[in-house]
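Worksheet: one structure, shown below.
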Amino acid sequence: MLVLSRKKGESIWIGDDIEIIISEVKGDQVKIGIRAPKHIDIVRGELRHAISQSNTEAVIKNLNLLKNELK
Amino acid sequence: MNIQTAYIGEIEIDPAMILTFEHGIPGFEEEKQFVQLPIEENNMFQILQSIQTKELAFIITSPYLITENYTFEIDEATVHALDIKCEKEVAVFVIVTLKETLEESTANLKAPIVINTTNHKAKQVILNDETYAIRHKLNLQSVKG
């Protein structure tokens, strides 16, 4: 993983069309501005993680429930 | 073509019906191809079976059977990724997590699977608003009919 130090007001470009701007640093919180084309998905890490966890739980272990109850 | 499935053995599928998830789905990023299969004697739910991993399958259902007025705006990233030209070619499903009983079972309304029925490109879209839950309890009344 690439790790860069930045100060408030500084930015990072990813490729030619994504800019990440450090807009505020307060204690343990950082406010980040993202300028990216509309076709780029931007999702908070913990939300993506929660979906990933839910998908993992959802893998079918057996189908008996549906077969028995919904006939 | 023939594929191995988790619950109904080896079956023949029409390759044209394979759904392509370009980036997989969260947690299963390497799984890029799935096929929708019916569950015998049960038309409420379907199976979303991985093509490459026999053991990997999900239960999916229509969100409209679970909650009234399920609506969300398909964002530009999805329109772009699935090459959606018009609303009519879009199909929406949600993944169901089966628990011990159907009452405890849940559906992920927060991250619907959006399918372009014309080109069979698909994507699990993560909704950024707070309207829908990741673990929405199934409404038995409507599920059982």
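Every chain in the structure tokens takes a letter, A first, then B, and so on in the order presented; its residues are numbered from 1, and the ligands are numbered from 1 following the presented order.
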
Residue hits in chain A, query chain B, radius 10 Å, only C-alpha atoms, as number ranges by chain: A: 37-44, 47-63, 65-67, 69-71

DSSP helix (DSSP H, G or I) residues within chain A, as an MDAnalysis selection string: chainID A and resid 45:58 64:69

Only N, CA and C atoms, please: the residues just picked out, written as a compact mmCIF listing (two decimals), in the first residue's frame.
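Okay, part21.txt is ready:
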```txt
# COMPACT_ATOMS: atom_id res chain seq x y z
N GLY A 45 -15.73 2.84 3.59
CA GLY A 45 -15.13 1.53 3.81
C GLY A 45 -15.98 0.63 4.69
N GLU A 46 -16.52 1.17 5.79
CA GLU A 46 -17.26 0.31 6.72
C GLU A 46 -18.56 -0.20 6.10
N LEU A 47 -19.13 0.59 5.17
CA LEU A 47 -20.36 0.15 4.51
C LEU A 47 -20.05 -0.99 3.55
N ARG A 48 -18.98 -0.83 2.78
CA ARG A 48 -18.59 -1.91 1.87
C ARG A 48 -18.27 -3.19 2.67
N HIS A 49 -17.62 -3.00 3.81
CA HIS A 49 -17.27 -4.14 4.65
C HIS A 49 -18.54 -4.84 5.16
N ALA A 50 -19.54 -4.04 5.55
CA ALA A 50 -20.79 -4.61 6.06
C ALA A 50 -21.52 -5.40 4.96
N ILE A 51 -21.49 -4.90 3.75
CA ILE A 51 -22.13 -5.60 2.63
C ILE A 51 -21.38 -6.91 2.35
N SER A 52 -20.06 -6.81 2.40
CA SER A 52 -19.23 -7.99 2.18
C SER A 52 -19.53 -9.07 3.22
N GLN A 53 -19.68 -8.63 4.47
CA GLN A 53 -19.99 -9.56 5.55
C GLN A 53 -21.38 -10.19 5.35
N SER A 54 -22.33 -9.36 4.97
CA SER A 54 -23.69 -9.86 4.74
C SER A 54 -23.70 -10.86 3.59
N ASN A 55 -22.95 -10.59 2.53
CA ASN A 55 -22.87 -11.53 1.40
C ASN A 55 -22.28 -12.86 1.87
N THR A 56 -21.26 -12.79 2.70
CA THR A 56 -20.62 -14.01 3.18
C THR A 56 -21.60 -14.85 4.02
N GLU A 57 -22.38 -14.15 4.85
CA GLU A 57 -23.40 -14.85 5.66
C GLU A 57 -24.48 -15.46 4.78
N ALA A 58 -24.71 -14.85 3.62
CA ALA A 58 -25.85 -15.25 2.79
C ALA A 58 -25.58 -16.47 1.93
N ASN A 64 -33.25 -26.58 2.73
CA ASN A 64 -34.39 -27.29 3.32
C ASN A 64 -35.51 -26.35 3.75
N LEU A 65 -35.11 -25.22 4.33
CA LEU A 65 -36.09 -24.26 4.82
C LEU A 65 -37.08 -23.87 3.72
N LEU A 66 -36.55 -23.54 2.57
CA LEU A 66 -37.43 -23.12 1.48
C LEU A 66 -38.24 -24.28 0.94
N LYS A 67 -37.60 -25.44 0.88
CA LYS A 67 -38.31 -26.59 0.32
C LYS A 67 -39.42 -27.06 1.24
N ASN A 68 -39.16 -27.03 2.56
CA ASN A 68 -40.16 -27.53 3.49
C ASN A 68 -41.29 -26.54 3.71
N GLU A 69 -40.91 -25.27 3.93
CA GLU A 69 -41.92 -24.31 4.36
C GLU A 69 -42.74 -23.70 3.24
```
